[in-house]
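A.B. asks: Next comes query_0.csv, CSV, C-alpha atoms and all ligand atoms:
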chain,number,residue,atom,x,y,z
A,1128,MET,CA,23.1,9.3,42.9
A,1129,ILE,CA,23.0,11.0,39.5
A,1130,HIS,CA,25.0,8.1,38.0
A,1131,SER,CA,22.5,5.5,39.4
A,1132,SER,CA,19.5,7.4,38.0
A,1133,ILE,CA,21.2,7.6,34.6
A,1134,TYR,CA,22.0,3.9,34.7
A,1135,HIS,CA,18.3,3.2,35.8
A,1136,ARG,CA,17.0,5.2,32.8
A,1137,ALA,CA,19.4,3.5,30.4
A,1138,ASP,CA,18.2,0.1,31.7
A,1139,THR,CA,14.6,1.0,31.2
A,1140,MET,CA,15.3,2.2,27.7
A,1141,ALA,CA,17.2,-1.0,26.9
A,1142,ALA,CA,14.3,-3.1,28.2
A,1143,ILE,CA,11.8,-1.1,26.1
A,1144,ARG,CA,14.0,-1.6,23.0
A,1145,LEU,CA,14.3,-5.3,23.7
A,1146,LEU,CA,10.5,-5.6,24.1
A,1147,LEU,CA,9.9,-3.7,20.8
A,1148,SER,CA,12.5,-5.9,19.0
A,1149,LEU,CA,10.8,-9.0,20.3
A,1150,LEU,CA,7.4,-7.8,19.2
A,1151,THR,CA,8.7,-6.9,15.7
A,1152,GLY,CA,10.4,-10.2,15.5
A,1153,LEU,CA,7.3,-12.1,16.5
A,1154,CYS,CA,5.2,-10.2,13.9
A,1155,ALA,CA,7.8,-10.8,11.2
A,1156,TYR,CA,8.0,-14.5,12.0
A,1157,TYR,CA,4.2,-14.7,11.9
A,1158,PHE,CA,3.9,-13.0,8.5
A,1159,TYR,CA,6.8,-14.6,6.8
A,1160,SER,CA,6.2,-18.1,8.2
A,1161,GLN,CA,2.8,-18.2,6.6
A,1162,GLU,CA,4.1,-19.4,3.3
A,1163,THR,CA,7.7,-20.4,3.9
A,1164,LEU,CA,7.8,-22.4,7.1
A,1165,SER,CA,4.7,-24.6,6.9
A,1166,PRO,CA,4.2,-25.8,3.3
A,1167,PHE,CA,0.5,-26.7,2.8
A,1168,LYS,CA,-0.2,-29.9,1.0
A,1169,PRO,CA,-4.0,-29.8,0.7
A,1170,PRO,CA,-4.9,-32.2,-2.1
A,1171,GLU,CA,-3.8,-35.3,-0.1
A,1172,MET,CA,-5.7,-34.1,2.9
A,1173,VAL,CA,-8.9,-33.3,1.0
A,1174,ARG,CA,-9.2,-35.7,-1.9
A,1175,GLY,CA,-12.4,-37.8,-1.5
A,1176,LYS,CA,-13.7,-35.7,1.4
A,1177,ARG,CA,-17.3,-34.8,1.5
A,1178,VAL,CA,-17.9,-31.0,1.5
A,1179,LEU,CA,-21.2,-29.0,1.8
A,1180,VAL,CA,-20.8,-25.3,0.8
A,1181,THR,CA,-23.8,-23.0,1.5
A,1182,GLY,CA,-24.3,-19.9,-0.6
A,1183,SER,CA,-22.2,-21.4,-3.4
A,1184,SER,CA,-24.1,-20.1,-6.4
A,1185,THR,CA,-21.9,-17.0,-6.5
A,1186,GLY,CA,-19.3,-14.9,-4.7
A,1187,ILE,CA,-16.9,-16.3,-2.0
A,1188,GLY,CA,-18.9,-19.5,-1.7
A,1189,GLU,CA,-18.5,-20.3,-5.4
A,1190,GLN,CA,-14.7,-19.7,-5.1
A,1191,ILE,CA,-14.6,-21.9,-2.0
A,1192,ALA,CA,-16.3,-24.7,-4.0
A,1193,TYR,CA,-13.7,-24.3,-6.7
A,1194,GLU,CA,-10.9,-24.6,-4.2
A,1195,PHE,CA,-12.3,-27.8,-2.8
A,1196,ALA,CA,-13.0,-29.1,-6.3
A,1197,ARG,CA,-9.3,-28.6,-7.3
A,1198,MET,CA,-8.4,-30.8,-4.4
A,1199,GLY,CA,-10.7,-33.6,-5.6
A,1200,ALA,CA,-13.4,-33.3,-3.0
A,1201,HIS,CA,-17.0,-34.6,-3.3
A,1202,LEU,CA,-19.1,-31.4,-3.3
A,1203,LEU,CA,-22.7,-30.6,-2.4
A,1204,LEU,CA,-23.6,-27.0,-3.3
A,1205,THR,CA,-26.6,-25.1,-2.0
A,1206,ALA,CA,-28.4,-21.7,-2.6
A,1207,ARG,CA,-31.7,-20.6,-4.0
A,1208,ARG,CA,-30.9,-20.2,-7.7
A,1209,GLU,CA,-30.7,-23.6,-9.5
A,1210,LYS,CA,-29.3,-22.4,-12.8
A,1211,GLN,CA,-26.3,-20.8,-11.2
A,1212,LEU,CA,-25.8,-23.8,-8.9
A,1213,LYS,CA,-25.8,-26.1,-12.0
A,1214,GLU,CA,-23.2,-24.0,-13.7
A,1215,VAL,CA,-20.9,-23.9,-10.6
A,1216,ALA,CA,-21.3,-27.7,-10.2
A,1217,GLN,CA,-20.3,-28.2,-13.8
A,1218,LYS,CA,-17.2,-26.0,-13.4
A,1219,CYS,CA,-16.3,-28.0,-10.1
A,1220,LEU,CA,-16.3,-31.2,-12.2
A,1221,GLU,CA,-14.0,-29.6,-14.8
A,1222,LEU,CA,-11.6,-28.5,-12.0
A,1223,GLY,CA,-11.3,-32.0,-10.7
A,1224,ALA,CA,-14.0,-32.5,-8.1
A,1225,SER,CA,-14.7,-36.2,-7.4
A,1226,SER,CA,-18.4,-35.4,-7.7
A,1227,ALA,CA,-20.5,-32.2,-7.6
A,1228,ARG,CA,-24.2,-32.1,-6.8
A,1229,HIS,CA,-26.6,-29.3,-5.8
A,1230,VAL,CA,-29.7,-28.8,-3.7
A,1231,VAL,CA,-31.9,-25.8,-3.9
A,1232,SER,CA,-32.7,-24.3,-0.6
A,1233,ASP,CA,-33.9,-21.0,1.0
A,1234,MET,CA,-32.2,-20.5,4.4
A,1235,ASN,CA,-34.9,-18.2,5.5
A,1236,ASN,CA,-36.7,-21.5,6.3
A,1237,LEU,CA,-35.1,-23.6,9.0
A,1238,THR,CA,-36.8,-26.8,7.9
A,1239,SER,CA,-35.3,-26.2,4.5
A,1240,ALA,CA,-31.9,-26.0,6.2
A,1241,GLN,CA,-32.6,-29.3,8.0
A,1242,ASN,CA,-33.5,-30.9,4.6
A,1243,VAL,CA,-30.1,-29.8,3.1
A,1244,ILE,CA,-28.3,-31.9,5.7
A,1245,GLU,CA,-30.7,-34.8,5.0
A,1246,ASP,CA,-29.6,-34.5,1.3
A,1247,ALA,CA,-26.0,-34.5,2.4
A,1248,ARG,CA,-26.6,-37.7,4.4
A,1249,ASN,CA,-28.4,-39.4,1.4
A,1250,LYS,CA,-26.1,-38.1,-1.4
A,1251,LEU,CA,-22.7,-38.0,0.2
A,1252,ARG,CA,-23.2,-40.7,2.9
A,1253,GLY,CA,-21.7,-38.4,5.5
A,1254,LEU,CA,-19.9,-35.1,5.8
A,1255,ASP,CA,-16.3,-34.0,6.5
A,1256,TYR,CA,-16.6,-30.2,5.9
A,1257,LEU,CA,-19.6,-28.0,6.6
A,1258,VAL,CA,-18.9,-24.6,5.1
A,1259,LEU,CA,-21.4,-22.0,6.3
A,1260,ASN,CA,-21.1,-19.0,4.0
A,1261,HIS,CA,-24.5,-17.9,2.6
A,1262,VAL,CA,-25.7,-14.3,3.4
A,1263,GLY,CA,-29.1,-12.8,2.8
A,1264,GLY,CA,-32.1,-11.3,4.5
A,1265,SER,CA,-34.1,-8.2,3.8
A,1266,GLY,CA,-31.8,-5.7,5.5
A,1267,ARG,CA,-30.4,-2.8,3.4
A,1268,PHE,CA,-27.4,-0.5,3.8
A,1269,GLY,CA,-28.6,2.6,5.6
A,1270,PRO,CA,-29.4,4.2,8.9
A,1271,PHE,CA,-31.2,1.9,11.3
A,1272,GLN,CA,-34.9,3.0,11.6
A,1273,GLY,CA,-36.2,0.3,13.9
A,1274,ASP,CA,-37.0,-2.1,11.1
A,1275,MET,CA,-37.6,-5.3,13.2
A,1276,ALA,CA,-38.5,-7.3,10.1
A,1277,ALA,CA,-35.0,-6.7,8.8
A,1278,VAL,CA,-33.4,-7.8,12.1
A,1279,THR,CA,-35.5,-10.9,12.3
A,1280,SER,CA,-34.8,-11.8,8.7
A,1281,SER,CA,-31.1,-11.3,9.1
A,1282,MET,CA,-30.9,-13.2,12.3
A,1283,THR,CA,-32.8,-16.1,10.6
A,1284,VAL,CA,-30.8,-16.3,7.4
A,1285,ASN,CA,-27.4,-15.3,8.7
A,1286,PHE,CA,-27.4,-16.8,12.2
A,1287,LEU,CA,-30.2,-19.3,13.0
A,1288,SER,CA,-29.9,-21.2,9.8
A,1289,TYR,CA,-26.1,-21.6,10.4
A,1290,VAL,CA,-26.9,-23.0,13.9
A,1291,GLN,CA,-29.7,-25.3,12.4
A,1292,LEU,CA,-27.3,-26.7,9.8
A,1293,THR,CA,-24.7,-27.3,12.5
A,1294,VAL,CA,-27.1,-29.0,14.8
A,1295,SER,CA,-28.5,-31.3,12.0
A,1296,ALA,CA,-25.0,-32.1,10.8
A,1297,MET,CA,-23.4,-32.7,14.2
A,1298,THR,CA,-23.6,-36.5,14.3
A,1299,MET,CA,-22.1,-36.8,10.8
A,1300,LEU,CA,-19.3,-34.4,11.6
A,1301,GLN,CA,-18.5,-36.1,14.8
A,1302,GLU,CA,-18.4,-39.5,13.0
A,1303,SER,CA,-15.9,-38.1,10.5
A,1304,GLN,CA,-14.0,-36.0,13.0
A,1305,GLY,CA,-14.7,-33.2,10.5
A,1306,SER,CA,-14.6,-29.5,10.3
A,1307,ILE,CA,-17.0,-26.5,10.4
A,1308,ILE,CA,-15.9,-23.4,8.5
A,1309,VAL,CA,-17.9,-20.3,9.4
A,1310,ILE,CA,-17.7,-17.2,7.3
A,1311,SER,CA,-17.9,-14.1,9.5
A,1312,SER,CA,-17.0,-10.5,9.0
A,1313,LEU,CA,-15.1,-7.6,10.5
A,1314,SER,CA,-18.6,-6.1,10.6
A,1315,GLY,CA,-19.3,-8.5,13.4
A,1316,LYS,CA,-17.3,-6.2,15.6
A,1317,GLU,CA,-19.0,-3.0,14.7
A,1318,ALA,CA,-20.7,-1.8,11.5
A,1319,PRO,CA,-22.8,1.4,11.3
A,1320,PHE,CA,-25.6,1.3,8.6
A,1321,THR,CA,-25.7,-2.5,8.5
A,1322,LEU,CA,-26.9,-3.2,12.1
A,1323,SER,CA,-28.9,-6.3,11.4
A,1324,TYR,CA,-26.1,-7.9,9.4
A,1325,SER,CA,-23.6,-6.9,12.1
A,1326,ALA,CA,-25.7,-8.4,14.9
A,1327,ALA,CA,-25.9,-11.7,13.1
A,1328,LYS,CA,-22.2,-11.9,12.5
A,1329,PHE,CA,-21.5,-10.9,16.1
A,1330,ALA,CA,-23.8,-13.8,17.2
A,1331,LEU,CA,-22.0,-16.2,15.0
A,1332,GLU,CA,-18.7,-15.4,16.6
A,1333,GLY,CA,-20.1,-15.9,20.1
A,1334,PHE,CA,-21.8,-19.2,19.2
A,1335,TYR,CA,-19.0,-20.8,17.2
A,1336,SER,CA,-16.1,-19.7,19.6
A,1337,SER,CA,-18.1,-21.2,22.5
A,1338,LEU,CA,-18.9,-24.3,20.5
A,1339,ARG,CA,-15.2,-24.8,19.7
A,1340,ARG,CA,-14.2,-24.5,23.3
A,1341,GLU,CA,-17.0,-26.8,24.5
A,1342,LEU,CA,-16.0,-29.5,21.9
A,1343,ARG,CA,-12.5,-29.3,23.1
A,1344,LEU,CA,-13.5,-29.6,26.8
A,1345,ARG,CA,-15.6,-32.6,25.9
A,1346,GLU,CA,-12.6,-34.0,23.9
A,1347,ILE,CA,-14.6,-34.2,20.7
A,1348,SER,CA,-12.4,-34.0,17.6
A,1349,LEU,CA,-14.3,-31.6,15.4
A,1350,SER,CA,-12.6,-28.3,14.4
A,1351,VAL,CA,-14.3,-25.0,14.1
A,1352,THR,CA,-12.7,-22.3,12.0
A,1353,VAL,CA,-14.1,-18.8,12.0
A,1354,ALA,CA,-13.1,-16.7,9.0
A,1355,VAL,CA,-13.2,-13.0,9.7
A,1356,LEU,CA,-13.3,-11.2,6.4
A,1357,GLY,CA,-12.7,-7.6,5.3
A,1358,TYR,CA,-14.0,-6.1,2.1
A,1359,ILE,CA,-14.0,-8.7,-0.7
A,1360,ASP,CA,-14.7,-8.0,-4.4
A,1361,THR,CA,-17.8,-10.1,-4.9
A,1362,ASP,CA,-20.4,-8.6,-7.3
A,1363,ASN,CA,-22.9,-8.1,-4.5
A,1364,ALA,CA,-20.5,-6.5,-2.1
A,1365,LEU,CA,-19.3,-4.1,-4.8
A,1366,LYS,CA,-22.9,-3.3,-5.7
A,1367,ILE,CA,-24.0,-2.7,-2.1
A,1368,ILE,CA,-21.0,-0.7,-0.7
A,1369,GLY,CA,-18.7,-0.1,-3.7
A,1370,ASP,CA,-19.7,3.6,-4.0
A,1371,LYS,CA,-19.9,4.1,-0.2
A,1372,ILE,CA,-16.3,3.4,0.9
A,1373,THR,CA,-12.9,4.3,-0.5
A,1374,MET,CA,-11.2,1.1,0.6
A,1375,GLN,CA,-9.8,-1.3,-2.1
A,1376,ALA,CA,-11.7,-4.6,-2.3
A,1377,ASN,CA,-9.7,-7.8,-1.9
A,1378,PRO,CA,-9.8,-10.7,-4.4
A,1379,LYS,CA,-12.4,-13.3,-3.7
A,1380,GLU,CA,-10.2,-16.1,-5.2
A,1381,GLU,CA,-7.3,-15.4,-2.7
A,1382,CYS,CA,-9.9,-15.0,0.1
A,1383,ALA,CA,-11.4,-18.4,-0.7
A,1384,ARG,CA,-7.9,-20.0,-0.8
A,1385,GLU,CA,-7.0,-18.6,2.7
A,1386,VAL,CA,-10.3,-19.7,4.1
A,1387,VAL,CA,-10.0,-23.2,2.8
A,1388,ARG,CA,-6.4,-23.5,3.9
A,1389,ALA,CA,-7.3,-22.4,7.4
A,1390,GLY,CA,-10.2,-24.8,7.5
A,1391,VAL,CA,-8.2,-27.8,6.3
A,1392,LEU,CA,-5.4,-27.1,8.8
A,1393,ARG,CA,-8.0,-26.8,11.5
A,1394,HIS,CA,-7.1,-23.3,12.6
A,1395,ARG,CA,-9.4,-21.6,15.1
A,1396,GLU,CA,-9.6,-18.4,13.1
A,1397,VAL,CA,-8.4,-16.8,9.9
A,1398,ILE,CA,-8.5,-13.1,9.3
A,1399,TYR,CA,-8.5,-12.0,5.6
A,1400,PRO,CA,-7.0,-9.7,4.5
A,1401,TYR,CA,-4.7,-9.8,7.5
A,1402,TRP,CA,-4.0,-6.0,7.1
A,1403,SER,CA,-7.7,-5.4,8.0
A,1404,LEU,CA,-6.3,-5.3,11.5
A,1405,LYS,CA,-3.9,-2.6,10.5
A,1406,PRO,CA,-6.3,0.3,10.9
A,1407,LEU,CA,-6.9,-0.9,14.5
A,1408,LEU,CA,-3.2,-1.0,15.2
A,1409,LEU,CA,-2.5,2.3,13.7
A,1410,TYR,CA,-5.5,4.1,15.1
A,1411,PRO,CA,-4.1,7.2,16.8
A,1412,PHE,CA,-4.9,6.3,20.4
A,1413,PRO,CA,-2.9,8.2,23.0
A,1414,ILE,CA,-0.7,5.6,24.6
A,1415,GLY,CA,-3.0,4.1,27.2
A,1416,LYS,CA,-5.6,1.5,27.8
A,1417,GLY,CA,-6.9,1.3,24.2
A,1418,THR,CA,-3.4,0.8,22.7
A,1419,VAL,CA,-2.5,-1.8,25.3
A,1420,ILE,CA,-5.8,-3.7,24.8
A,1421,THR,CA,-5.4,-3.6,21.0
A,1422,LEU,CA,-1.8,-4.8,21.2
A,1423,LEU,CA,-2.7,-7.6,23.6
A,1424,HIS,CA,-5.5,-8.7,21.3
A,1425,PHE,CA,-3.2,-8.7,18.4
A,1426,LEU,CA,-0.6,-10.8,20.3
A,1427,PHE,CA,-3.3,-13.1,21.4
A,1428,CYS,CA,-4.5,-13.6,17.8
A,1429,ILE,CA,-0.9,-14.3,16.7
A,1430,THR,CA,0.0,-16.8,19.5
A,1431,SER,CA,-3.3,-18.6,19.5
A,1432,HIS,CA,-3.2,-18.8,15.7
A,1433,ARG,CA,0.3,-20.2,15.8
A,1434,MET,CA,-0.5,-22.8,18.4
A,1435,GLU,CA,-3.3,-24.1,16.2
A,1436,ARG,CA,-1.2,-24.3,13.1
A,1437,GLY,CA,0.1,-27.5,11.8
A,1438,LYS,CA,-1.9,-29.7,14.2
A,1439,PRO,CA,-2.2,-33.1,12.6
A,1440,ARG,CA,-5.6,-33.8,11.1
A,1441,ARG,CA,-7.1,-37.2,12.0
A,1442,GLU,CA,-8.2,-38.8,8.7
A,1443,THR,CA,-11.3,-40.7,8.2
A,1444,SER,CA,-11.2,-44.1,6.5
B,1,LIG,N1,-18.0,-9.7,0.2
B,1,LIG,C1,-17.5,-9.1,1.2
B,1,LIG,O1,-17.0,-7.9,1.2
B,1,LIG,C2,-17.7,-9.8,2.6
B,1,LIG,C3,-17.0,-9.2,3.7
B,1,LIG,C4,-17.1,-9.8,4.9
B,1,LIG,C5,-17.8,-11.0,5.0
B,1,LIG,N2,-18.4,-11.5,3.9
B,1,LIG,C6,-19.1,-12.8,4.1
B,1,LIG,O2,-18.7,-13.7,3.1
B,1,LIG,C7,-19.9,-14.6,2.8
B,1,LIG,C8,-20.1,-14.6,1.3
B,1,LIG,O3,-20.3,-13.2,0.9
B,1,LIG,P1,-20.4,-12.9,-0.6
B,1,LIG,O4,-20.0,-11.5,-0.8
B,1,LIG,O5,-19.8,-14.0,-1.4
B,1,LIG,O6,-22.0,-12.9,-0.8
B,1,LIG,P2,-22.8,-13.0,-2.2
B,1,LIG,O7,-22.0,-12.9,-3.4
B,1,LIG,O8,-24.0,-12.1,-2.0
B,1,LIG,O9,-23.4,-14.6,-2.2
B,1,LIG,C9,-24.3,-14.9,-1.2
B,1,LIG,C10,-24.7,-16.4,-1.4
B,1,LIG,O10,-25.7,-16.7,-0.5
B,1,LIG,C11,-26.9,-17.2,-1.2
B,1,LIG,N3,-28.1,-16.8,-0.5
B,1,LIG,C12,-28.6,-15.5,-0.3
B,1,LIG,N4,-29.7,-15.5,0.3
B,1,LIG,C13,-30.0,-16.9,0.6
B,1,LIG,C14,-31.1,-17.5,1.2
B,1,LIG,N5,-32.1,-16.9,1.7
B,1,LIG,N6,-31.0,-18.9,1.3
B,1,LIG,C15,-30.0,-19.6,0.8
B,1,LIG,N7,-28.9,-19.0,0.2
B,1,LIG,C16,-29.0,-17.6,0.1
B,1,LIG,C17,-26.8,-16.6,-2.6
B,1,LIG,O11,-27.3,-17.4,-3.6
B,1,LIG,P3,-28.9,-17.3,-4.1
B,1,LIG,O12,-29.1,-15.9,-4.3
B,1,LIG,O13,-28.8,-18.1,-5.3
B,1,LIG,O14,-29.7,-17.9,-3.0
B,1,LIG,C18,-25.3,-16.6,-2.8
B,1,LIG,O15,-24.8,-17.9,-3.2
B,1,LIG,C19,-21.0,-14.1,3.6
B,1,LIG,O16,-21.2,-14.8,4.8
B,1,LIG,C20,-20.6,-12.6,4.0
B,1,LIG,O17,-21.2,-12.2,5.1
B,1,LIG,C21,-18.3,-11.0,2.7
Spit out the file's structure as structure tokens when you get a sec.
C.D. replies:
Amino acid sequence: MIHSSIYHRADTMAAIRLLLSLLTGLCAYYFYSQETLSPFKPPEMVRGKRVLVTGSSTGIGEQIAYEFARMGAHLLLTARREKQLKEVAQKCLELGASSARHVVSDMNNLTSAQNVIEDARNKLRGLDYLVLNHVGGSGRFGPFQGDMAAVTSSMTVNFLSYVQLTVSAMTMLQESQGSIIVISSLSGKEAPFTLSYSAAKFALEGFYSSLRRELRLREISLSVTVAVLGYIDTDNALKIIGDKITMQANPKEECAREVVRAGVLRHREVIYPYWSLKPLLLYPFPIGKGTVITLLHFLFCITSHRMERGKPRRETS
């Protein structure tokens, strides 16, 4: 009797050890395989493709434009400030872009968003990549005091204009079997003191995850990549929250590289920096429902991400 209970306990411990080893192995495989197991040859996949990057006068959008430029894409840049757009377009040409144009547009106005897509149709004769990146609105960092104007403005610039651009570009993107890259944020999960911004990012994730699934069910070959970003060292982010958090900001250049890589490989999601998830995992939950849900979510991210990796991209002529 005593022997059988000792053996039973030993079996359970062995099973737990095996499970932990498997989990560790899976994590190690995921992290190390990023660079070593699937070499990324982007220029051949992107050269000559037509790319629209919103909010590309500065910050992450500017860096995303440079990434596509290095790979020889045709670029259309948009934001409100023309002088900055011209400078970014010039640098794109120097980096190797096949062409670089710009269109001035305020995404607070949905007709203006529609016009940007008309410009893409006229100037690029179609679209392969729609990169939705701009961020604005009248919201400020601070306690929410019922400012409905800030909520409306954030939802218009940071959510509705994204949807409008997508709707207007849908035919072109379907024709090219193209890609939508949507820049979201960890703030879309929860972000005190930036409620209007958080709400817009949360809405983006719901809309674009559902759109991706719907396109797949309808067997439409158009990929949707959602980039969930942590704290990135753009001038505006540093200005707005630099003195309010102790976390180290991550480089915008590397962020743009990871986002473009995921978009070109048609991944469903990219999280940058990946260790943004670390606080969630290390959060001192007592072992229970919270821990299990967090681990399951992490495993889901890993496996679904892996399944999407390396899928062949159907090229347009
Ligand atoms: N930086 C971070 O820590 C961080 C973290 C998580 C997620 N993100 C996300 O990453 C993306 C880029 O962020 P970022 O830090 O690079 O932002 P940023 O430096 O502030 O750049 C924002 C861009 O959007 C444009 N823009 C602002 N209001 C606009 C409007 N009404 N109409 C059209 N364009 C407008 C700006 O250009 P103009 O002023 O010339 O119009 C600029 O090109 C955003 O979606 C943001 O939510 C950033």
A.B. asks: Which residues of chain A have any atom within 7 Å of an atom in ligand LIG 1 (chain B) when counting only C-alpha atoms and all ligand atoms, and what is the closest pair of atoms for each, with the distance in Å to one decimal? Order the rows by chain and rising number and write it as a Markdown table.
C.D. replies:
| residue | atom | partner | partner_atom | distance |
| --- | --- | --- | --- | --- |
| A:Thr1181 | CA | B:LIG1 | N7 | 6.6 |
| A:Gly1182 | CA | B:LIG1 | O15 | 3.3 |
| A:Ser1183 | CA | B:LIG1 | O15 | 4.4 |
| A:Ser1184 | CA | B:LIG1 | O15 | 3.9 |
| A:Thr1185 | CA | B:LIG1 | O15 | 4.5 |
| A:Gly1186 | CA | B:LIG1 | O5 | 3.5 |
| A:Ile1187 | CA | B:LIG1 | O5 | 3.7 |
| A:Gly1188 | CA | B:LIG1 | O5 | 5.6 |
| A:Thr1205 | CA | B:LIG1 | N7 | 6.9 |
| A:Ala1206 | CA | B:LIG1 | N7 | 3.9 |
| A:Arg1207 | CA | B:LIG1 | O14 | 3.5 |
| A:Arg1208 | CA | B:LIG1 | O13 | 3.8 |
| A:Gln1211 | CA | B:LIG1 | O13 | 7.0 |
| A:Ser1232 | CA | B:LIG1 | C15 | 5.6 |
| A:Asp1233 | CA | B:LIG1 | N6 | 3.6 |
| A:Met1234 | CA | B:LIG1 | N6 | 3.7 |
| A:Asn1235 | CA | B:LIG1 | N5 | 4.9 |
| A:Asn1260 | CA | B:LIG1 | O16 | 4.3 |
| A:His1261 | CA | B:LIG1 | O10 | 3.5 |
| A:Val1262 | CA | B:LIG1 | O10 | 4.6 |
| A:Gly1263 | CA | B:LIG1 | N4 | 3.7 |
| A:Gly1264 | CA | B:LIG1 | N5 | 6.3 |
| A:Val1284 | CA | B:LIG1 | N5 | 5.9 |
| A:Ile1310 | CA | B:LIG1 | O16 | 4.9 |
| A:Ser1311 | CA | B:LIG1 | C5 | 5.5 |
| A:Ser1312 | CA | B:LIG1 | C5 | 4.1 |
| A:Leu1313 | CA | B:LIG1 | C4 | 6.3 |
| A:Ser1314 | CA | B:LIG1 | C4 | 7.0 |
| A:Val1355 | CA | B:LIG1 | C5 | 6.9 |
| A:Leu1356 | CA | B:LIG1 | C4 | 4.3 |
| A:Gly1357 | CA | B:LIG1 | C3 | 4.9 |
| A:Tyr1358 | CA | B:LIG1 | O1 | 3.6 |
| A:Ile1359 | CA | B:LIG1 | O1 | 3.6 |
| A:Asp1360 | CA | B:LIG1 | N1 | 5.9 |
| A:Thr1361 | CA | B:LIG1 | O4 | 4.9 |
| A:Asp1362 | CA | B:LIG1 | O7 | 6.0 |
| A:Asn1363 | CA | B:LIG1 | O8 | 4.8 |
| A:Ala1364 | CA | B:LIG1 | N1 | 4.7 |
A.B. asks: Step by step: start from the point (-36.5, -8.9, 8.5) in the file's coordinates, keep every protein, DNA or RNA residue that has an atom no farther than 12 Å from it, count only C-alpha atoms, and write the set as an MDAnalysis selection string.
C.D. replies: chainID A and resid 1235 1263:1267 1273:1285 1322:1324 1327
A.B. asks: Could those selected residues go to a file with C-alpha atoms, as an mmCIF file, in the frame of the given file?
C.D. replies:
data_model
loop_
_atom_site.group_PDB
_atom_site.id
_atom_site.type_symbol
_atom_site.label_atom_id
_atom_site.label_comp_id
_atom_site.auth_asym_id
_atom_site.auth_seq_id
_atom_site.Cartn_x
_atom_site.Cartn_y
_atom_site.Cartn_z
ATOM 1 C CA ASN A 1235 -34.900 -18.200 5.500
ATOM 2 C CA GLY A 1263 -29.100 -12.800 2.800
ATOM 3 C CA GLY A 1264 -32.100 -11.300 4.500
ATOM 4 C CA SER A 1265 -34.100 -8.200 3.800
ATOM 5 C CA GLY A 1266 -31.800 -5.700 5.500
ATOM 6 C CA ARG A 1267 -30.400 -2.800 3.400
ATOM 7 C CA GLY A 1273 -36.200 0.300 13.900
ATOM 8 C CA ASP A 1274 -37.000 -2.100 11.100
ATOM 9 C CA MET A 1275 -37.600 -5.300 13.200
ATOM 10 C CA ALA A 1276 -38.500 -7.300 10.100
ATOM 11 C CA ALA A 1277 -35.000 -6.700 8.800
ATOM 12 C CA VAL A 1278 -33.400 -7.800 12.100
ATOM 13 C CA THR A 1279 -35.500 -10.900 12.300
ATOM 14 C CA SER A 1280 -34.800 -11.800 8.700
ATOM 15 C CA SER A 1281 -31.100 -11.300 9.100
ATOM 16 C CA MET A 1282 -30.900 -13.200 12.300
ATOM 17 C CA THR A 1283 -32.800 -16.100 10.600
ATOM 18 C CA VAL A 1284 -30.800 -16.300 7.400
ATOM 19 C CA ASN A 1285 -27.400 -15.300 8.700
ATOM 20 C CA LEU A 1322 -26.900 -3.200 12.100
ATOM 21 C CA SER A 1323 -28.900 -6.300 11.400
ATOM 22 C CA TYR A 1324 -26.100 -7.900 9.400
ATOM 23 C CA ALA A 1327 -25.900 -11.700 13.100
#
A.B. asks: Using Å and a single decimal, report how far CA of Ala1192 (chain A) sits from CA of Met1299 (chain A).
C.D. replies: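 That distance, rounded to one decimal, is 20.0 Å.
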A.B. asks: Could you tell me, as a compact mmCIF listing (two decimals) with C-alpha atoms, in the coordinates of the input, which residues have any atom at most 10 Å from (-15.6, -37.7, 14.3), counting all atoms listed in the file?
C.D. replies:
# COMPACT_ATOMS: atom_id res chain seq x y z
CA LEU A 1254 -19.90 -35.10 5.80
CA ASP A 1255 -16.30 -34.00 6.50
CA MET A 1297 -23.40 -32.70 14.20
CA THR A 1298 -23.60 -36.50 14.30
CA MET A 1299 -22.10 -36.80 10.80
CA LEU A 1300 -19.30 -34.40 11.60
CA GLN A 1301 -18.50 -36.10 14.80
CA GLU A 1302 -18.40 -39.50 13.00
CA SER A 1303 -15.90 -38.10 10.50
CA GLN A 1304 -14.00 -36.00 13.00
CA GLY A 1305 -14.70 -33.20 10.50
CA SER A 1306 -14.60 -29.50 10.30
CA ILE A 1347 -14.60 -34.20 20.70
CA SER A 1348 -12.40 -34.00 17.60
CA LEU A 1349 -14.30 -31.60 15.40
CA SER A 1350 -12.60 -28.30 14.40
CA ARG A 1441 -7.10 -37.20 12.00
CA GLU A 1442 -8.20 -38.80 8.70
CA THR A 1443 -11.30 -40.70 8.20
A.B. asks: How far is it from CA of Ser1288 (chain A) to CA of Glu1385 (chain A), in Å with one decimal?
C.D. replies: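 Between CA of Ser1288 (chain A) and CA of Glu1385 (chain A) the gap works out to 24.1 Å.
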A.B. asks: Which of these residues is nearest to Phe1320 (chain A), using only C-alpha atoms: A:Tyr1289, A:Phe1268, A:Phe1195, A:Tyr1335?
C.D. replies: A:Phe1268
A.B. asks: Quote the spacing between CA of Leu1147 (chain A) and CA of Lys1316 (chain A) in Å to one decimal place.
C.D. replies: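 Interatomic distance here is 27.8 Å.
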A.B. asks: Pick out the closest residue to Gln1190 (chain A) from this set: A:Met1172, A:Ile1372, A:Leu1222, A:Cys1382. Count all atoms listed in the file.
C.D. replies: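 Closest to Gln1190 (chain A) of all the choices is A:Cys1382.
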A.B. asks: Select, from A:Leu1342, A:Ala1318, A:Leu1331, A:Val1386, the residue with the minimum atom-to-atom distance to Gly1269 (chain A), counting all atoms listed in the file.
C.D. replies: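 Closest candidate: A:Ala1318.
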A.B. asks: Got a sec: who's within 8 Å of Ile1307 (chain A), counting all atoms listed in the file, leaving out chain neighbours fewer than 5 positions off, as a list in words?
C.D. replies: Tyr1256, Leu1257, Val1258, Leu1259, Leu1349, Ser1350, Val1351, Thr1352 and Gly1390 of chain A
